[in-house]
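For reference, protein-v2.pdb is printed below; it contains PDB, C-alpha atoms, pLDDT in the B column.
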ATOM      1  CA  MET A  18      47.401 -42.030  34.182  1.00 49.00           C
ATOM      2  CA  ARG A  19      45.264 -39.238  32.725  1.00 53.00           C
ATOM      3  CA  PHE A  20      41.639 -38.508  33.462  1.00 51.00           C
ATOM      4  CA  PRO A  21      40.241 -36.455  30.542  1.00 52.00           C
ATOM      5  CA  SER A  22      37.109 -35.513  32.485  1.00 54.00           C
ATOM      6  CA  CYS A  23      39.334 -33.824  35.110  1.00 53.00           C
ATOM      7  CA  ASP A  24      40.870 -31.579  32.445  1.00 56.00           C
ATOM      8  CA  SER A  25      37.471 -30.188  31.455  1.00 57.00           C
ATOM      9  CA  ALA A  26      36.918 -28.853  34.983  1.00 57.00           C
ATOM     10  CA  SER A  27      39.654 -26.183  34.683  1.00 78.00           C
ATOM     11  CA  PRO A  28      37.367 -23.232  33.782  1.00 84.00           C
ATOM     12  CA  GLU A  29      35.117 -23.993  36.775  1.00 84.00           C
ATOM     13  CA  THR A  30      38.149 -24.424  39.007  1.00 85.00           C
ATOM     14  CA  ARG A  31      39.494 -21.028  37.982  1.00 83.00           C
ATOM     15  CA  GLN A  32      36.097 -19.389  38.423  1.00 87.00           C
ATOM     16  CA  HIS A  33      35.414 -20.792  41.904  1.00 88.00           C
ATOM     17  CA  GLY A  34      38.987 -21.002  43.190  1.00 88.00           C
ATOM     18  CA  TYR A  35      38.809 -24.694  44.020  1.00 92.00           C
ATOM     19  CA  ALA A  36      38.527 -27.999  42.188  1.00 91.00           C
ATOM     20  CA  VAL A  37      35.904 -30.671  42.707  1.00 90.00           C
ATOM     21  CA  ASN A  38      36.261 -34.360  41.987  1.00 90.00           C
ATOM     22  CA  PRO A  39      32.728 -35.779  42.024  1.00 90.00           C
ATOM     23  CA  GLY A  40      33.647 -39.457  42.187  1.00 89.00           C
ATOM     24  CA  LEU A  41      35.628 -39.442  38.933  1.00 87.00           C
ATOM     25  CA  ILE A  42      38.433 -41.636  40.263  1.00 87.00           C
ATOM     26  CA  VAL A  43      36.812 -43.626  43.067  1.00 90.00           C
ATOM     27  CA  GLU A  44      33.093 -44.285  42.799  1.00 92.00           C
ATOM     28  CA  GLY A  45      31.265 -42.653  45.689  1.00 92.00           C
ATOM     29  CA  GLY A  46      34.366 -40.757  46.837  1.00 93.00           C
ATOM     30  CA  TRP A  47      34.268 -36.987  46.471  1.00 93.00           C
ATOM     31  CA  GLY A  48      37.066 -34.494  46.883  1.00 93.00           C
ATOM     32  CA  MET A  49      37.685 -30.757  46.795  1.00 94.00           C
ATOM     33  CA  GLY A  50      41.024 -29.001  46.565  1.00 95.00           C
ATOM     34  CA  ALA A  51      42.346 -25.439  46.726  1.00 95.00           C
ATOM     35  CA  ALA A  52      45.787 -24.136  45.838  1.00 92.00           C
ATOM     36  CA  MET A  53      48.093 -22.543  48.383  1.00 93.00           C
ATOM     37  CA  PHE A  54      50.628 -20.034  47.093  1.00 91.00           C
ATOM     38  CA  ASP A  55      54.288 -19.300  47.750  1.00 88.00           C
ATOM     39  CA  GLU A  56      55.770 -15.860  48.450  1.00 86.00           C
ATOM     40  CA  TYR A  57      55.802 -15.106  44.696  1.00 88.00           C
ATOM     41  CA  GLY A  58      52.101 -15.855  44.253  1.00 88.00           C
ATOM     42  CA  ARG A  59      52.732 -19.167  42.492  1.00 89.00           C
ATOM     43  CA  PRO A  60      50.655 -22.230  43.361  1.00 89.00           C
ATOM     44  CA  ALA A  61      52.994 -24.464  45.351  1.00 90.00           C
ATOM     45  CA  TRP A  62      50.804 -26.687  47.531  1.00 92.00           C
ATOM     46  CA  ALA A  63      47.202 -27.818  47.797  1.00 94.00           C
ATOM     47  CA  LEU A  64      44.773 -28.274  50.619  1.00 96.00           C
ATOM     48  CA  SER A  65      42.128 -30.909  50.027  1.00 96.00           C
ATOM     49  CA  LEU A  66      39.216 -32.579  51.684  1.00 95.00           C
ATOM     50  CA  THR A  67      37.577 -35.834  50.794  1.00 94.00           C
ATOM     51  CA  GLY A  68      34.469 -37.665  51.821  1.00 94.00           C
ATOM     52  CA  ILE A  69      31.821 -40.065  50.741  1.00 93.00           C
ATOM     53  CA  GLU A  70      29.237 -38.729  48.329  1.00 90.00           C
ATOM     54  CA  SER A  71      26.462 -38.478  50.931  1.00 89.00           C
ATOM     55  CA  ARG A  72      28.636 -36.146  53.091  1.00 90.00           C
ATOM     56  CA  CYS A  73      29.437 -33.886  50.105  1.00 86.00           C
ATOM     57  CA  SER A  74      25.865 -33.186  49.069  1.00 87.00           C
ATOM     58  CA  THR A  75      24.849 -30.188  46.991  1.00 87.00           C
ATOM     59  CA  SER A  76      23.507 -28.489  50.125  1.00 91.00           C
ATOM     60  CA  ARG A  77      26.834 -28.890  51.998  1.00 92.00           C
ATOM     61  CA  ARG A  78      29.199 -27.920  49.165  1.00 91.00           C
ATOM     62  CA  PRO A  79      28.925 -24.147  49.702  1.00 93.00           C
ATOM     63  CA  GLU A  80      29.945 -24.538  53.355  1.00 95.00           C
ATOM     64  CA  LEU A  81      32.699 -27.038  52.546  1.00 95.00           C
ATOM     65  CA  SER A  82      34.137 -24.875  49.771  1.00 95.00           C
ATOM     66  CA  ARG A  83      34.022 -21.748  51.963  1.00 96.00           C
ATOM     67  CA  LEU A  84      35.890 -23.514  54.763  1.00 97.00           C
ATOM     68  CA  LEU A  85      38.379 -25.035  52.326  1.00 96.00           C
ATOM     69  CA  LEU A  86      39.202 -21.676  50.706  1.00 96.00           C
ATOM     70  CA  GLU A  87      39.306 -19.893  54.060  1.00 97.00           C
ATOM     71  CA  GLN A  88      41.836 -22.335  55.470  1.00 97.00           C
ATOM     72  CA  ALA A  89      43.899 -22.404  52.263  1.00 96.00           C
ATOM     73  CA  HIS A  90      44.208 -18.593  52.569  1.00 95.00           C
ATOM     74  CA  VAL A  91      45.147 -18.826  56.266  1.00 96.00           C
ATOM     75  CA  ILE A  92      47.866 -21.387  55.528  1.00 94.00           C
ATOM     76  CA  THR A  93      49.122 -19.393  52.515  1.00 93.00           C
ATOM     77  CA  LYS A  94      49.531 -16.292  54.704  1.00 93.00           C
ATOM     78  CA  LYS A  95      51.404 -18.258  57.360  1.00 91.00           C
ATOM     79  CA  LEU A  96      53.715 -19.806  54.770  1.00 86.00           C
ATOM     80  CA  ARG A  97      54.395 -16.409  53.181  1.00 83.00           C
ATOM     81  CA  ASN A  98      55.160 -14.850  56.564  1.00 83.00           C
ATOM     82  CA  ARG A  99      57.457 -17.714  57.488  1.00 76.00           C
ATOM     83  CA  SER A 100      59.355 -17.512  54.199  1.00 67.00           C
ATOM     84  CA  THR A 101      59.963 -13.750  54.532  1.00 66.00           C
ATOM     85  CA  VAL A 102      61.239 -13.880  58.124  1.00 63.00           C
ATOM     86  CA  GLY A 103      64.982 -13.322  58.103  1.00 57.00           C
ATOM     87  CA  ARG A 104      64.996 -11.597  54.701  1.00 59.00           C
ATOM     88  CA  ARG A 105      64.192  -8.163  56.085  1.00 53.00           C
TER      89      ARG A 105
END
Target encoding structure tokens, full file:
Amino acid sequence: MRFPSCDSASPETRQHGYAVNPGLIVEGGWGMGAAMFDEYGRPAWALSLTGIESRCSTSRRPELSRLLLEQAHVITKKLRNRSTVGRR
């Protein structure tokens, strides 16, 4: 199943570092996602959060996106460190 409106969000996703799904798939259900990277810098996993539209308001999105990106970076670092242990 393809969602053409999701494809058009790519430039914004690249600019901000995270993707937003403003109820495109489930009415009233919002989601945000950020990539997590492997030891080669390739996107390998994603961290996401979801909520009902009223909990993902315009005023809360800056805080939610900051926390999402912060934790995606923390997890990426831990995964990179774990994957390099034993190779030294």
Pick from A:Leu96, A:Val37, A:Val91, A:Ala51: nearest to Gly68 of chain A, with all atoms listed in the file counted?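 Among A:Leu96, A:Val37, A:Val91, A:Ala51, it is A:Val37 that comes nearest to Gly68 of chain A.
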Can you translate the PyMOL selection byres ((chain A and resi 63) around 12) into the concrete residues it hits in this file, as a PyMOL selection string? chain A and resi 34-36+49-55+59-62+64-66+85-86+88-90+92-93
For Gly45 of chain A, please output as a PyMOL selection string all residues within 12 Å (counting all atoms listed in the file; exclusion window: fewer than 6 positions along the same chain). chain A and resi 38-39+67-74
Kindly list the centre and edge lengths in Å, rounded to one decimal, for the axis-aligned box that covers all listed atoms of segment 59-65 of chain A plus 3 Å on each of its six sides, as lines of an AutoDock Vina configuration file.
center_x = 47.6
center_y = -25.0
center_z = 46.6
size_x = 16.9
size_y = 17.7
size_z = 14.1
So how many Å separate atom CA of Thr75 of chain A and atom CA of Trp47 of chain A, to one decimal? 11.6 Å
Just checking: using only C-alpha atoms, which residue out of A:Leu41, A:Thr30, A:Gly46, A:Tyr57 ends up closest to Asn98 of chain A?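 Distance minimum relative to Asn98 of chain A lands on A:Tyr57.
From atom CA of Glu87 of chain A back to atom CA of Gly48 of chain A, the distance works out to 16.4 Å.
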Best match for closeness to Lys95 of chain A among A:Arg77, A:Val43, A:Glu56, A:Arg83, counting only C-alpha atoms: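 Comparing A:Arg77, A:Val43, A:Glu56, A:Arg83 against Lys95 of chain A, the winner is A:Glu56.
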Please complete segment 61-75 of chain A with N, CA and C atoms and give it back as an mmCIF file, in the coordinates of the input.
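This went into result_36.cif:
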data_model
loop_
_atom_site.group_PDB
_atom_site.id
_atom_site.type_symbol
_atom_site.label_atom_id
_atom_site.label_comp_id
_atom_site.auth_asym_id
_atom_site.auth_seq_id
_atom_site.Cartn_x
_atom_site.Cartn_y
_atom_site.Cartn_z
ATOM 1 N N ALA A 61 51.909 -23.585 44.937
ATOM 2 C CA ALA A 61 52.994 -24.464 45.351
ATOM 3 C C ALA A 61 52.501 -25.693 46.103
ATOM 4 N N TRP A 62 51.352 -25.597 46.736
ATOM 5 C CA TRP A 62 50.804 -26.687 47.531
ATOM 6 C C TRP A 62 49.297 -26.711 47.319
ATOM 7 N N ALA A 63 48.666 -27.744 47.861
ATOM 8 C CA ALA A 63 47.202 -27.818 47.797
ATOM 9 C C ALA A 63 46.659 -28.314 49.132
ATOM 10 N N LEU A 64 45.517 -27.796 49.462
ATOM 11 C CA LEU A 64 44.773 -28.274 50.619
ATOM 12 C C LEU A 64 43.544 -28.989 50.062
ATOM 13 N N SER A 65 43.270 -30.168 50.560
ATOM 14 C CA SER A 65 42.128 -30.909 50.027
ATOM 15 C C SER A 65 41.300 -31.520 51.141
ATOM 16 N N LEU A 66 40.086 -31.827 50.789
ATOM 17 C CA LEU A 66 39.216 -32.579 51.684
ATOM 18 C C LEU A 66 38.517 -33.633 50.852
ATOM 19 N N THR A 67 38.258 -34.747 51.482
ATOM 20 C CA THR A 67 37.577 -35.834 50.794
ATOM 21 C C THR A 67 36.485 -36.393 51.685
ATOM 22 N N GLY A 68 35.555 -37.051 51.066
ATOM 23 C CA GLY A 68 34.469 -37.665 51.821
ATOM 24 C C GLY A 68 33.618 -38.529 50.913
ATOM 25 N N ILE A 69 32.747 -39.262 51.530
ATOM 26 C CA ILE A 69 31.821 -40.065 50.741
ATOM 27 C C ILE A 69 30.748 -39.146 50.166
ATOM 28 N N GLU A 70 30.179 -39.566 49.072
ATOM 29 C CA GLU A 70 29.237 -38.729 48.329
ATOM 30 C C GLU A 70 28.117 -38.155 49.201
ATOM 31 N N SER A 71 27.583 -38.944 50.101
ATOM 32 C CA SER A 71 26.462 -38.478 50.931
ATOM 33 C C SER A 71 26.865 -37.339 51.873
ATOM 34 N N ARG A 72 28.162 -37.224 52.216
ATOM 35 C CA ARG A 72 28.636 -36.146 53.091
ATOM 36 C C ARG A 72 29.051 -34.912 52.300
ATOM 37 N N CYS A 73 29.058 -35.013 50.971
ATOM 38 C CA CYS A 73 29.437 -33.886 50.105
ATOM 39 C C CYS A 73 28.258 -33.490 49.230
ATOM 40 N N SER A 74 27.088 -33.469 49.812
ATOM 41 C CA SER A 74 25.865 -33.186 49.069
ATOM 42 C C SER A 74 25.857 -31.758 48.524
ATOM 43 N N THR A 75 24.991 -31.518 47.587
ATOM 44 C CA THR A 75 24.849 -30.188 46.991
ATOM 45 C C THR A 75 24.594 -29.133 48.058
#
